[in-house]
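Below: model.pdb (PDB, C-alpha atoms and all ligand atoms)
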MODEL        1
ATOM      1  CA  MET A 927       6.419  29.995   9.491
ATOM      2  CA  SER A 928       3.467  31.866   7.999
ATOM      3  CA  ARG A 929       1.308  30.002   5.504
ATOM      4  CA  SER A 930       2.520  32.147   2.590
ATOM      5  CA  ASN A 931       6.104  31.127   3.353
ATOM      6  CA  GLN A 932       5.470  27.415   2.862
ATOM      7  CA  SER A 933       7.796  25.742   0.346
ATOM      8  CA  PRO A 934       6.782  25.603  -3.297
ATOM      9  CA  VAL A 935       5.849  22.192  -4.609
ATOM     10  CA  THR A 936       4.733  20.692  -7.910
ATOM     11  CA  VAL A 937       2.182  17.891  -8.210
ATOM     12  CA  LEU A 938       2.249  15.793 -11.397
ATOM     13  CA  GLY A 939      -0.956  13.833 -11.993
ATOM     14  CA  LEU A 940      -4.387  15.018 -10.957
ATOM     15  CA  GLY A 941      -6.367  11.813 -10.828
ATOM     16  CA  MET A 942      -8.388  11.107  -7.708
ATOM     17  CA  MET A 943      -5.287  10.787  -5.565
ATOM     18  CA  GLY A 944      -3.139  13.499  -7.161
ATOM     19  CA  THR A 945      -6.009  15.973  -6.782
ATOM     20  CA  ALA A 946      -6.291  15.121  -3.079
ATOM     21  CA  LEU A 947      -2.530  15.591  -2.626
ATOM     22  CA  ALA A 948      -2.491  18.928  -4.464
ATOM     23  CA  THR A 949      -5.530  20.104  -2.497
ATOM     24  CA  ALA A 950      -3.735  19.330   0.778
ATOM     25  CA  PHE A 951      -0.722  21.408  -0.299
ATOM     26  CA  VAL A 952      -2.914  24.313  -1.434
ATOM     27  CA  ARG A 953      -4.808  24.270   1.868
ATOM     28  CA  ASN A 954      -1.518  24.250   3.739
ATOM     29  CA  GLY A 955      -0.459  27.418   1.916
ATOM     30  CA  ASN A 956       2.258  25.886  -0.289
ATOM     31  CA  ARG A 957       2.711  27.546  -3.666
ATOM     32  CA  THR A 958       1.420  24.566  -5.613
ATOM     33  CA  THR A 959       2.043  24.074  -9.322
ATOM     34  CA  VAL A 960       0.045  21.307 -10.944
ATOM     35  CA  TRP A 961       0.068  19.438 -14.231
ATOM     36  CA  ASN A 962      -2.208  16.762 -15.610
ATOM     37  CA  ARG A 963      -2.465  15.154 -19.049
ATOM     38  CA  SER A 964      -6.152  16.110 -19.207
ATOM     39  CA  ALA A 965      -5.681  19.784 -18.417
ATOM     40  CA  ASN A 966      -9.289  20.460 -17.330
ATOM     41  CA  ARG A 967      -8.717  18.407 -14.166
ATOM     42  CA  ALA A 968      -6.608  21.326 -12.858
ATOM     43  CA  ASP A 969      -9.496  23.829 -13.027
ATOM     44  CA  ALA A 970     -10.921  23.274  -9.533
ATOM     45  CA  LEU A 971      -7.436  23.439  -8.023
ATOM     46  CA  VAL A 972      -6.619  26.662  -9.841
ATOM     47  CA  ALA A 973      -9.819  28.134  -8.402
ATOM     48  CA  GLN A 974      -8.443  27.266  -4.958
ATOM     49  CA  GLY A 975      -5.076  28.938  -5.636
ATOM     50  CA  ALA A 976      -2.919  26.384  -7.465
ATOM     51  CA  VAL A 977      -0.990  27.320 -10.599
ATOM     52  CA  ALA A 978      -1.540  25.138 -13.679
ATOM     53  CA  ALA A 979       1.581  24.535 -15.757
ATOM     54  CA  PRO A 980       1.128  24.130 -19.526
ATOM     55  CA  GLY A 981       3.442  21.091 -19.688
ATOM     56  CA  VAL A 982       5.456  18.632 -17.619
ATOM     57  CA  ARG A 983       8.693  20.543 -18.157
ATOM     58  CA  GLU A 984       7.191  23.851 -16.987
ATOM     59  CA  ALA A 985       5.650  22.083 -13.974
ATOM     60  CA  ILE A 986       9.016  20.597 -13.008
ATOM     61  CA  ALA A 987      10.804  23.933 -13.498
ATOM     62  CA  ALA A 988       8.386  25.688 -11.113
ATOM     63  CA  SER A 989       9.451  23.939  -7.871
ATOM     64  CA  PRO A 990      12.445  22.218  -6.259
ATOM     65  CA  VAL A 991      10.258  19.298  -5.147
ATOM     66  CA  ILE A 992       8.058  17.289  -7.499
ATOM     67  CA  VAL A 993       5.361  15.042  -6.012
ATOM     68  CA  ALA A 994       4.218  12.544  -8.641
ATOM     69  CA  CYS A 995       1.067  10.440  -8.531
ATOM     70  CA  VAL A 996       0.004   8.936 -11.854
ATOM     71  CA  SER A 997      -1.567   5.584 -12.631
ATOM     72  CA  THR A 998       1.624   3.498 -13.072
ATOM     73  CA  TYR A 999       5.414   3.701 -12.978
ATOM     74  CA  GLU A1000       5.369   3.073 -16.722
ATOM     75  CA  VAL A1001       3.453   6.319 -17.204
ATOM     76  CA  LEU A1002       5.774   8.140 -14.819
ATOM     77  CA  ASN A1003       8.898   6.788 -16.533
ATOM     78  CA  GLY A1004       7.588   8.084 -19.870
ATOM     79  CA  LEU A1005       6.932  11.554 -18.434
ATOM     80  CA  PHE A1006      10.356  11.707 -16.799
ATOM     81  CA  ALA A1007      12.219  10.396 -19.869
ATOM     82  CA  ASP A1008      10.903  13.403 -21.801
ATOM     83  CA  ALA A1009      11.973  15.854 -19.086
ATOM     84  CA  ALA A1010      15.212  14.340 -17.773
ATOM     85  CA  ASP A1011      17.292  17.505 -18.197
ATOM     86  CA  GLU A1012      14.687  19.607 -16.385
ATOM     87  CA  LEU A1013      14.628  17.152 -13.482
ATOM     88  CA  LYS A1014      18.390  17.316 -12.851
ATOM     89  CA  GLY A1015      19.020  18.555  -9.278
ATOM     90  CA  LYS A1016      15.343  18.288  -8.282
ATOM     91  CA  VAL A1017      13.769  16.140  -5.592
ATOM     92  CA  VAL A1018      11.107  13.672  -6.731
ATOM     93  CA  VAL A1019       8.676  12.141  -4.240
ATOM     94  CA  ASN A1020       6.888   9.440  -6.188
ATOM     95  CA  LEU A1021       3.592   8.321  -4.656
ATOM     96  CA  THR A1022       2.524   6.178  -7.619
ATOM     97  CA  SER A1023       1.783   2.533  -6.714
ATOM     98  CA  GLY A1024       3.675  -0.351  -8.315
ATOM     99  CA  THR A1025       6.055  -3.150  -7.440
ATOM    100  CA  PRO A1026       9.232  -2.982  -5.329
ATOM    101  CA  GLU A1027      11.233  -3.513  -8.536
ATOM    102  CA  ASP A1028       9.427  -0.586 -10.212
ATOM    103  CA  ALA A1029      10.516   1.611  -7.313
ATOM    104  CA  ARG A1030      14.133   0.395  -7.365
ATOM    105  CA  ALA A1031      14.347   0.900 -11.130
ATOM    106  CA  ALA A1032      12.963   4.433 -10.759
ATOM    107  CA  ALA A1033      15.596   5.169  -8.102
ATOM    108  CA  ASP A1034      18.346   3.837 -10.385
ATOM    109  CA  TRP A1035      17.098   6.019 -13.236
ATOM    110  CA  ALA A1036      16.999   9.030 -10.916
ATOM    111  CA  GLU A1037      20.546   8.456  -9.706
ATOM    112  CA  ARG A1038      21.834   8.193 -13.275
ATOM    113  CA  HIS A1039      20.118  11.489 -14.136
ATOM    114  CA  GLY A1040      21.134  13.523 -11.076
ATOM    115  CA  VAL A1041      17.654  13.441  -9.519
ATOM    116  CA  ARG A1042      17.137  12.882  -5.780
ATOM    117  CA  TYR A1043      14.410  10.267  -5.381
ATOM    118  CA  LEU A1044      12.083   9.230  -2.549
ATOM    119  CA  ASP A1045       9.495   6.536  -3.079
ATOM    120  CA  GLY A1046       6.217   6.472  -1.195
ATOM    121  CA  ALA A1047       3.162   4.272  -0.749
ATOM    122  CA  ILE A1048      -0.153   5.858   0.172
ATOM    123  CA  MET A1049      -2.140   3.652   2.558
ATOM    124  CA  ALA A1050      -5.297   5.726   2.354
ATOM    125  CA  VAL A1051      -8.123   6.619   0.015
ATOM    126  CA  PRO A1052      -8.187  10.141  -1.454
ATOM    127  CA  GLN A1053     -10.839  11.287   1.063
ATOM    128  CA  MET A1054      -8.383  10.565   3.900
ATOM    129  CA  ILE A1055      -5.515  12.661   2.507
ATOM    130  CA  GLY A1056      -4.603  15.435   4.939
ATOM    131  CA  LEU A1057      -6.373  13.735   7.856
ATOM    132  CA  PRO A1058      -4.668  12.357  10.990
ATOM    133  CA  GLN A1059      -5.602   8.744  10.135
ATOM    134  CA  ALA A1060      -3.880   8.851   6.724
ATOM    135  CA  LEU A1061      -0.640   6.829   6.490
ATOM    136  CA  ILE A1062       2.122   7.160   3.895
ATOM    137  CA  PHE A1063       5.211   4.932   3.855
ATOM    138  CA  TYR A1064       8.461   6.422   2.511
ATOM    139  CA  ALA A1065      11.683   4.759   1.341
ATOM    140  CA  GLY A1066      14.975   6.045  -0.047
ATOM    141  CA  PRO A1067      17.878   8.133   1.252
ATOM    142  CA  GLN A1068      17.363   8.904   4.945
ATOM    143  CA  GLU A1069      18.649  12.482   4.682
ATOM    144  CA  LEU A1070      16.250  13.146   1.821
ATOM    145  CA  PHE A1071      13.266  12.069   3.907
ATOM    146  CA  ALA A1072      14.504  14.015   6.940
ATOM    147  CA  GLY A1073      14.933  17.127   4.795
ATOM    148  CA  HIS A1074      11.400  16.909   3.358
ATOM    149  CA  GLU A1075       9.386  15.369   6.178
ATOM    150  CA  GLU A1076       8.003  18.792   7.098
ATOM    151  CA  LEU A1077       6.967  19.549   3.507
ATOM    152  CA  LEU A1078       5.151  16.207   3.254
ATOM    153  CA  LYS A1079       3.292  16.554   6.578
ATOM    154  CA  PRO A1080       0.131  18.145   5.107
ATOM    155  CA  LEU A1081      -0.496  14.935   3.111
ATOM    156  CA  ALA A1082      -0.950  12.500   5.980
ATOM    157  CA  GLY A1083      -1.127  12.459   9.771
ATOM    158  CA  THR A1084       1.452   9.676   9.757
ATOM    159  CA  GLY A1085       4.452   9.571   7.439
ATOM    160  CA  VAL A1086       6.661   6.585   8.217
ATOM    161  CA  TYR A1087      10.211   6.313   6.906
ATOM    162  CA  LEU A1088      11.071   2.617   6.318
ATOM    163  CA  GLY A1089      14.666   2.629   5.127
ATOM    164  CA  GLU A1090      17.230   3.193   2.393
ATOM    165  CA  ASP A1091      16.043   0.311   0.163
ATOM    166  CA  THR A1092      13.805   2.235  -2.237
ATOM    167  CA  GLY A1093      11.627  -0.836  -2.790
ATOM    168  CA  VAL A1094      10.603  -1.266   0.829
ATOM    169  CA  ALA A1095       7.633   1.146   0.754
ATOM    170  CA  MET A1096       6.076  -0.953  -2.024
ATOM    171  CA  VAL A1097       6.845  -4.139  -0.062
ATOM    172  CA  TYR A1098       4.831  -2.796   2.880
ATOM    173  CA  ASP A1099       2.119  -1.561   0.501
ATOM    174  CA  LEU A1100       1.736  -5.011  -1.078
ATOM    175  CA  GLY A1101       1.890  -6.686   2.338
ATOM    176  CA  LEU A1102      -1.006  -4.629   3.635
ATOM    177  CA  LEU A1103      -2.942  -5.083   0.387
ATOM    178  CA  SER A1104      -2.418  -8.865   0.634
ATOM    179  CA  LEU A1105      -3.903  -8.706   4.125
ATOM    180  CA  LEU A1106      -6.777  -6.514   2.945
ATOM    181  CA  TRP A1107      -7.748  -8.700   0.001
ATOM    182  CA  SER A1108      -7.362 -12.048   1.717
ATOM    183  CA  SER A1109      -9.188 -11.007   4.897
ATOM    184  CA  LEU A1110     -12.039  -9.377   2.966
ATOM    185  CA  ALA A1111     -12.221 -12.384   0.633
ATOM    186  CA  GLY A1112     -12.506 -14.593   3.744
ATOM    187  CA  TYR A1113     -15.350 -12.401   4.951
ATOM    188  CA  PHE A1114     -17.148 -12.576   1.583
ATOM    189  CA  HIS A1115     -16.775 -16.349   1.513
ATOM    190  CA  ALA A1116     -18.175 -16.476   5.050
ATOM    191  CA  VAL A1117     -21.171 -14.338   4.013
ATOM    192  CA  ALA A1118     -21.855 -16.630   1.031
ATOM    193  CA  LEU A1119     -21.830 -19.561   3.466
ATOM    194  CA  VAL A1120     -24.225 -18.037   6.002
ATOM    195  CA  GLN A1121     -26.540 -16.796   3.254
ATOM    196  CA  SER A1122     -27.044 -20.459   2.311
ATOM    197  CA  ALA A1123     -28.773 -20.830   5.692
ATOM    198  CA  GLY A1124     -30.928 -17.751   5.086
ATOM    199  CA  VAL A1125     -28.778 -15.475   7.284
ATOM    200  CA  SER A1126     -28.265 -11.895   6.105
ATOM    201  CA  ALA A1127     -24.852 -10.270   5.911
ATOM    202  CA  GLU A1128     -25.931  -7.717   8.495
ATOM    203  CA  ALA A1129     -26.996 -10.380  10.977
ATOM    204  CA  PHE A1130     -23.658 -12.185  10.648
ATOM    205  CA  THR A1131     -21.294  -9.193  10.509
ATOM    206  CA  PRO A1132     -21.206  -8.236  14.222
ATOM    207  CA  PHE A1133     -19.872 -11.741  14.935
ATOM    208  CA  ALA A1134     -17.298 -11.325  12.147
ATOM    209  CA  ALA A1135     -16.166  -7.983  13.591
ATOM    210  CA  GLY A1136     -15.877  -9.453  17.108
ATOM    211  CA  TRP A1137     -13.947 -12.429  15.689
ATOM    212  CA  ILE A1138     -11.434 -10.049  14.075
ATOM    213  CA  GLU A1139     -11.077  -7.986  17.251
ATOM    214  CA  HIS A1140     -10.861 -10.781  19.821
ATOM    215  CA  VAL A1141      -9.328 -13.678  17.871
ATOM    216  CA  ILE A1142      -7.622 -12.616  14.642
ATOM    217  CA  SER A1143      -6.062  -9.342  15.750
ATOM    218  CA  PRO A1144      -4.384 -10.827  18.875
ATOM    219  CA  ALA A1145      -3.223 -13.763  16.705
ATOM    220  CA  LEU A1146      -1.136 -11.349  14.603
ATOM    221  CA  ALA A1147       1.067 -10.303  17.527
ATOM    222  CA  GLN A1148       1.329 -13.896  18.778
ATOM    223  CA  SER A1149       2.233 -15.127  15.272
ATOM    224  CA  ALA A1150       4.872 -12.411  14.871
ATOM    225  CA  ARG A1151       6.570 -13.550  18.087
ATOM    226  CA  GLU A1152       6.536 -17.176  16.910
ATOM    227  CA  ILE A1153       7.825 -16.317  13.424
ATOM    228  CA  ASP A1154      10.639 -14.061  14.629
ATOM    229  CA  SER A1155      11.769 -16.615  17.221
ATOM    230  CA  ASP A1156      11.306 -19.519  14.758
ATOM    231  CA  SER A1157       9.340 -21.341  17.457
ATOM    232  CA  PHE A1158       5.989 -22.708  16.306
ATOM    233  CA  GLU A1159       5.148 -25.670  18.537
ATOM    234  CA  THR A1160       1.685 -25.283  20.070
ATOM    235  CA  GLU A1161      -0.890 -27.228  22.011
ATOM    236  CA  VAL A1162      -3.629 -24.665  21.376
ATOM    237  CA  SER A1163      -4.491 -24.723  17.684
ATOM    238  CA  SER A1164      -2.122 -26.987  15.809
ATOM    239  CA  LEU A1165      -1.944 -27.547  12.062
ATOM    240  CA  ASP A1166      -3.233 -31.096  12.708
ATOM    241  CA  ALA A1167      -6.363 -29.641  14.314
ATOM    242  CA  ASN A1168      -6.802 -27.000  11.608
ATOM    243  CA  ARG A1169      -6.318 -29.629   8.903
ATOM    244  CA  ALA A1170      -9.313 -31.553  10.202
ATOM    245  CA  ALA A1171     -11.444 -28.406  10.525
ATOM    246  CA  ILE A1172     -10.702 -26.983   7.091
ATOM    247  CA  GLU A1173     -11.901 -30.201   5.481
ATOM    248  CA  HIS A1174     -15.380 -29.327   6.764
ATOM    249  CA  LEU A1175     -15.151 -25.874   5.177
ATOM    250  CA  VAL A1176     -13.993 -27.224   1.815
ATOM    251  CA  ALA A1177     -16.604 -29.991   1.798
ATOM    252  CA  THR A1178     -19.440 -27.623   2.740
ATOM    253  CA  SER A1179     -18.380 -25.010   0.172
ATOM    254  CA  ARG A1180     -18.411 -27.661  -2.545
ATOM    255  CA  GLN A1181     -21.708 -29.099  -1.405
ATOM    256  CA  LEU A1182     -23.274 -25.618  -1.578
ATOM    257  CA  GLY A1183     -21.780 -24.962  -5.015
ATOM    258  CA  LEU A1184     -19.642 -22.088  -3.721
ATOM    259  CA  ASP A1185     -16.225 -21.247  -5.143
ATOM    260  CA  SER A1186     -13.896 -23.165  -2.821
ATOM    261  CA  GLY A1187     -10.612 -21.806  -4.250
ATOM    262  CA  LEU A1188      -9.793 -19.705  -1.200
ATOM    263  CA  SER A1189     -10.304 -22.540   1.285
ATOM    264  CA  THR A1190      -8.543 -25.147  -0.853
ATOM    265  CA  SER A1191      -5.500 -22.844  -1.167
ATOM    266  CA  ILE A1192      -5.276 -22.640   2.617
ATOM    267  CA  GLN A1193      -5.916 -26.377   2.897
ATOM    268  CA  THR A1194      -3.023 -27.060   0.501
ATOM    269  CA  LEU A1195      -0.641 -24.959   2.598
ATOM    270  CA  ILE A1196      -1.703 -26.691   5.819
ATOM    271  CA  GLU A1197      -1.397 -30.151   4.286
ATOM    272  CA  ARG A1198       2.045 -29.367   2.913
ATOM    273  CA  ARG A1199       3.330 -28.407   6.358
ATOM    274  CA  VAL A1200       1.680 -31.404   8.008
ATOM    275  CA  ALA A1201       3.251 -33.707   5.383
ATOM    276  CA  GLN A1202       6.627 -32.140   6.194
ATOM    277  CA  GLY A1203       6.184 -33.235   9.823
ATOM    278  CA  PHE A1204       4.984 -29.943  11.323
ATOM    279  CA  GLY A1205       1.490 -31.002  12.428
ATOM    280  CA  ASN A1206       2.257 -29.775  15.956
ATOM    281  CA  HIS A1207       3.027 -26.266  14.701
ATOM    282  CA  SER A1208       0.637 -23.334  14.939
ATOM    283  CA  LEU A1209      -0.918 -21.653  11.888
ATOM    284  CA  ALA A1210       1.982 -19.145  11.985
ATOM    285  CA  SER A1211       4.133 -21.919  10.535
ATOM    286  CA  LEU A1212       2.309 -21.360   7.220
ATOM    287  CA  VAL A1213       4.671 -18.448   6.570
ATOM    288  CA  GLU A1214       7.232 -21.172   5.767
ATOM    289  CA  ALA A1215       4.783 -22.852   3.381
ATOM    290  CA  PHE A1216       4.385 -19.559   1.503
ATOM    291  CA  LYS A1217       8.158 -19.326   1.112
ATOM    292  CA  GLN A1218       8.196 -22.748  -0.516
ATOM    293  CA  GLY A1219       5.819 -21.545  -3.265
TER     294      GLY A1219
HETATM  295  N1  LIG B1301      -7.323   6.148  -5.414
HETATM  296  C1  LIG B1301      -6.901   5.463  -4.349
HETATM  297  O1  LIG B1301      -7.655   5.096  -3.454
HETATM  298  C2  LIG B1301      -5.416   5.162  -4.208
HETATM  299  C3  LIG B1301      -4.920   4.739  -2.952
HETATM  300  C4  LIG B1301      -3.556   4.492  -2.803
HETATM  301  C5  LIG B1301      -2.721   4.618  -3.896
HETATM  302  N2  LIG B1301      -3.222   5.014  -5.101
HETATM  303  C6  LIG B1301      -2.294   5.094  -6.240
HETATM  304  O2  LIG B1301      -2.177   6.439  -6.692
HETATM  305  C7  LIG B1301      -1.942   6.428  -8.098
HETATM  306  C8  LIG B1301      -2.992   7.324  -8.781
HETATM  307  O3  LIG B1301      -4.264   6.807  -8.460
HETATM  308  P1  LIG B1301      -5.607   7.608  -8.781
HETATM  309  O4  LIG B1301      -6.649   7.022  -7.904
HETATM  310  O5  LIG B1301      -5.345   9.071  -8.727
HETATM  311  O6  LIG B1301      -5.863   7.132 -10.285
HETATM  312  P2  LIG B1301      -6.729   7.864 -11.394
HETATM  313  O7  LIG B1301      -7.820   8.679 -10.786
HETATM  314  O8  LIG B1301      -7.105   6.805 -12.379
HETATM  315  O9  LIG B1301      -5.692   8.872 -12.059
HETATM  316  C9  LIG B1301      -4.659   8.397 -12.884
HETATM  317  C10 LIG B1301      -3.738   9.548 -13.200
HETATM  318  O10 LIG B1301      -2.712   9.075 -14.077
HETATM  319  C11 LIG B1301      -2.734   9.900 -15.261
HETATM  320  N3  LIG B1301      -2.331   9.148 -16.436
HETATM  321  C12 LIG B1301      -2.746   7.892 -16.791
HETATM  322  N4  LIG B1301      -2.157   7.539 -17.955
HETATM  323  C13 LIG B1301      -1.384   8.582 -18.337
HETATM  324  C14 LIG B1301      -0.512   8.823 -19.434
HETATM  325  N5  LIG B1301      -0.336   7.900 -20.389
HETATM  326  N6  LIG B1301       0.137  10.011 -19.485
HETATM  327  C15 LIG B1301      -0.020  10.934 -18.526
HETATM  328  N7  LIG B1301      -0.828  10.783 -17.446
HETATM  329  C16 LIG B1301      -1.495   9.618 -17.361
HETATM  330  C17 LIG B1301      -4.162  10.371 -15.370
HETATM  331  O11 LIG B1301      -4.244  11.482 -16.236
HETATM  332  P3  LIG B1301      -5.646  11.820 -16.980
HETATM  333  O12 LIG B1301      -6.486  12.558 -15.974
HETATM  334  O13 LIG B1301      -5.240  12.640 -18.135
HETATM  335  O14 LIG B1301      -6.257  10.498 -17.380
HETATM  336  C18 LIG B1301      -4.432  10.707 -13.922
HETATM  337  O15 LIG B1301      -3.807  11.910 -13.543
HETATM  338  C19 LIG B1301      -2.021   4.967  -8.579
HETATM  339  O16 LIG B1301      -0.742   4.419  -8.683
HETATM  340  C20 LIG B1301      -2.802   4.312  -7.452
HETATM  341  O17 LIG B1301      -2.525   2.918  -7.328
HETATM  342  C21 LIG B1301      -4.549   5.304  -5.270
ENDMDL
END

Would you mind writing the file's structure down as structure tokens?
Amino acid sequence: MSRSNQSPVTVLGLGMMGTALATAFVRNGNRTTVWNRSANRADALVAQGAVAAPGVREAIAASPVIVACVSTYEVLNGLFADAADELKGKVVVNLTSGTPEDARAAADWAERHGVRYLDGAIMAVPQMIGLPQALIFYAGPQELFAGHEELLKPLAGTGVYLGEDTGVAMVYDLGLLSLLWSSLAGYFHAVALVQSAGVSAEAFTPFAAGWIEHVISPALAQSAREIDSDSFETEVSSLDANRAAIEHLVATSRQLGLDSGLSTSIQTLIERRVAQGFGNHSLASLVEAFKQG
């Protein structure tokens, strides 16, 4: 297919991410119609070949597929409520971030209004859009993803379809964000600790990176096997052993006047499982402690 024959597409929302998405479509040769509340944010895209629509309704009318990326589902719901009749029969690919329930509610609204709806979660920063390392999760009707996978390819090197439950893309999104925030918070806590001994972040960080590569990363696959087989007994690093070690971390954090909230949260989970008689389990057993929250 020649570049000029690429499918038309509309992008609603030209924040940092929406602009990156629209730019990827323009570069791919799609006839790209754009709309943003603050109209001047379309100027650079128009200079590259996009068409700026004067309103949401005109933007929706211009293409069979609408890619939406605004700040929240609440904002999106408001835009769509005002243009429900225009959306009838269209395909919406919503790449706005929110909760799984936001996504399911949006899918319900779409079904009631004759709109075909795919939800998506962008696991990349705007600078990565269009590059091979960019990842986008999709959820919703399988045939809808299959029919639009090609159109969506310019956005990310990897587009992964997760299933018919429209909320599942946001579940994965939040899962990876949980991992991001908790692992980085662990790193920042570690840096605050070593700084107390006059060690710079740069001196410590190669050991942190090696620890992630050689200890933490392999522990993910091992934990997954244990969790899925519901088999946690270990002689390597039991909750009993970790319970003793984390006391040192909590005590030292307090002694240094550091915020010990992160370590005490983990300590509480470990102690709960030990009190329930699972001291011989591995750390992977903490997944059960989370479920008892
Ligand atoms: N940036 C990232 O790294 C990243 C990564 C993954 C996912 N995401 C997700 O992508 C979505 C967009 O993020 P972003 O980085 O592009 O955010 P952003 O730069 O803050 O842009 C927000 C967009 O929402 C629009 N908007 C906000 N309130 C509105 C309203 N009441 N009516 C109409 N439009 C409204 C803004 O329009 P105006 O220009 O008129 O304000 C703008 O287009 C978010 O859900 C975010 O979580 C972002």

- request: Select all residues near (-1.6, -33.4, 11.6) (cut-off 6 Å, inclusive, file coordinates), counting all atoms listed in the file, and output them as a list in words.
  value: Leu1165, Asp1166, Val1200 and Gly1205 of chain A

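The shortest atom-to-atom distance to Tyr1064 of chain A, with all atoms listed in the file taken into account, belongs to A:Leu1088 out of A:Leu1088, A:Met1049, A:Ala1167, A:Val1041.
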
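Put simply, the PyMOL selection byres (((chain A and resi 1022) around 6) and not hetatm) in this file takes in Cys995, Val996, Asn1020, Leu1021 and Ser1023 of chain A.
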
- request: Just give me the gap between atom CA of Glu1214 of chain A and atom CA of Val1094 of chain A in Å, one decimal is fine.
  value: 20.8 Å

message: To test your reading of the syntax: which residues would the PyMOL selection byres (((not hetatm)) within 6 of (chain B and resi 1301)) return for the file shown? Reply as a PyMOL selection string.
response: chain A and resi 939-944+962-964+995-998+1001+1022-1023+1048-1052

message: Please report the interatomic distance between atom CA of Ala1145 of chain A and atom CA of Ile1062 of chain A in Å with one decimal.
response: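 About the pair atom CA of Ala1145 of chain A and atom CA of Ile1062 of chain A: they are 25.1 Å apart.
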
message: If we draw a sphere of 12 Å around (2.2, 16.7, -4.2), which residues have at least one atom in it when counting only C-alpha atoms? Please report them as a ChimeraX atom specification.
response: /A:933-941,943-954,956-961,976,985-986,989-996,1017-1022,1046,1048,1055-1056,1074,1077-1082

- prompt: What does the PyMOL selection byres (((chain A and resi 1219) around 12) and not hetatm) select in this file, as a PyMOL selection string?
  reply: chain A and resi 1191+1194-1195+1198+1212-1218

Hey, can you spit out that residue selection with C-alpha atoms as a tab-separated table (two decimals), in the frame of the given file?
chain	number	residue	atom	x	y	z
A	1191	SER	CA	-5.50	-22.84	-1.17
A	1194	THR	CA	-3.02	-27.06	0.50
A	1195	LEU	CA	-0.64	-24.96	2.60
A	1198	ARG	CA	2.04	-29.37	2.91
A	1212	LEU	CA	2.31	-21.36	7.22
A	1213	VAL	CA	4.67	-18.45	6.57
A	1214	GLU	CA	7.23	-21.17	5.77
A	1215	ALA	CA	4.78	-22.85	3.38
A	1216	PHE	CA	4.38	-19.56	1.50
A	1217	LYS	CA	8.16	-19.33	1.11
A	1218	GLN	CA	8.20	-22.75	-0.52

query: How many Å separate atom CA of Ala1065 of chain A from atom CA of Leu1002 of chain A?
result: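 Value for the atom CA of Ala1065 of chain A-atom CA of Leu1002 of chain A distance: 17.5 Å.
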
- line: Closest of A:Ala1007, A:Leu1209, A:Ala1095, A:Ala1116 to Leu1175 of chain A, counting all atoms listed in the file, is A:Ala1116

query: Which one is closest to Arg1038 of chain A: A:Pro1058, A:Ser1157, A:Ile1192, A:Asp1011? Count only C-alpha atoms.
result: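 Distance minimum relative to Arg1038 of chain A lands on A:Asp1011.
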
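Shortest atom-to-atom contact with Lys1016 of chain A among A:Ala1134, A:Ala1029, A:Ala988, A:Ala1060: A:Ala988, counting all atoms listed in the file.
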
- prompt: Between A:Gly1073, A:Leu1110, A:Val1125, A:Phe1063, which one has atoms that come closest to Tyr1087 of chain A, using only C-alpha atoms?
  reply: A:Phe1063

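The residue that comes closest to Glu1159 of chain A, out of A:Leu1044, A:Ala1135, A:Ala1201, A:Ala1210 and on the basis of all atoms listed in the file, is A:Ala1210.
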
Is it possible to get the axis-aligned box enclosing segment 960-977 of chain A (all listed atoms, 5 Å extra per side) as lines of an AutoDock Vina configuration file, with centre and edge lengths in Å rounded to one decimal?
center_x = -5.4
center_y = 22.0
center_z = -12.1
size_x = 21.0
size_y = 23.8
size_z = 24.2

Please provide as a PDB file with C-alpha atoms, keeping the file's coordinate frame all residues within 9 Å of Ser1149 of chain A, with the sequence filter that same-chain residues fewer than 5 positions apart are discarded (counting only C-alpha atoms).
ATOM      1  CA  PRO A1144      -4.384 -10.827  18.875  1.00  0.00           C
ATOM      2  CA  ASP A1154      10.639 -14.061  14.629  1.00  0.00           C
ATOM      3  CA  PHE A1158       5.989 -22.708  16.306  1.00  0.00           C
ATOM      4  CA  SER A1208       0.637 -23.334  14.939  1.00  0.00           C
ATOM      5  CA  LEU A1209      -0.918 -21.653  11.888  1.00  0.00           C
ATOM      6  CA  ALA A1210       1.982 -19.145  11.985  1.00  0.00           C
ATOM      7  CA  SER A1211       4.133 -21.919  10.535  1.00  0.00           C
TER       8      SER A1211
END
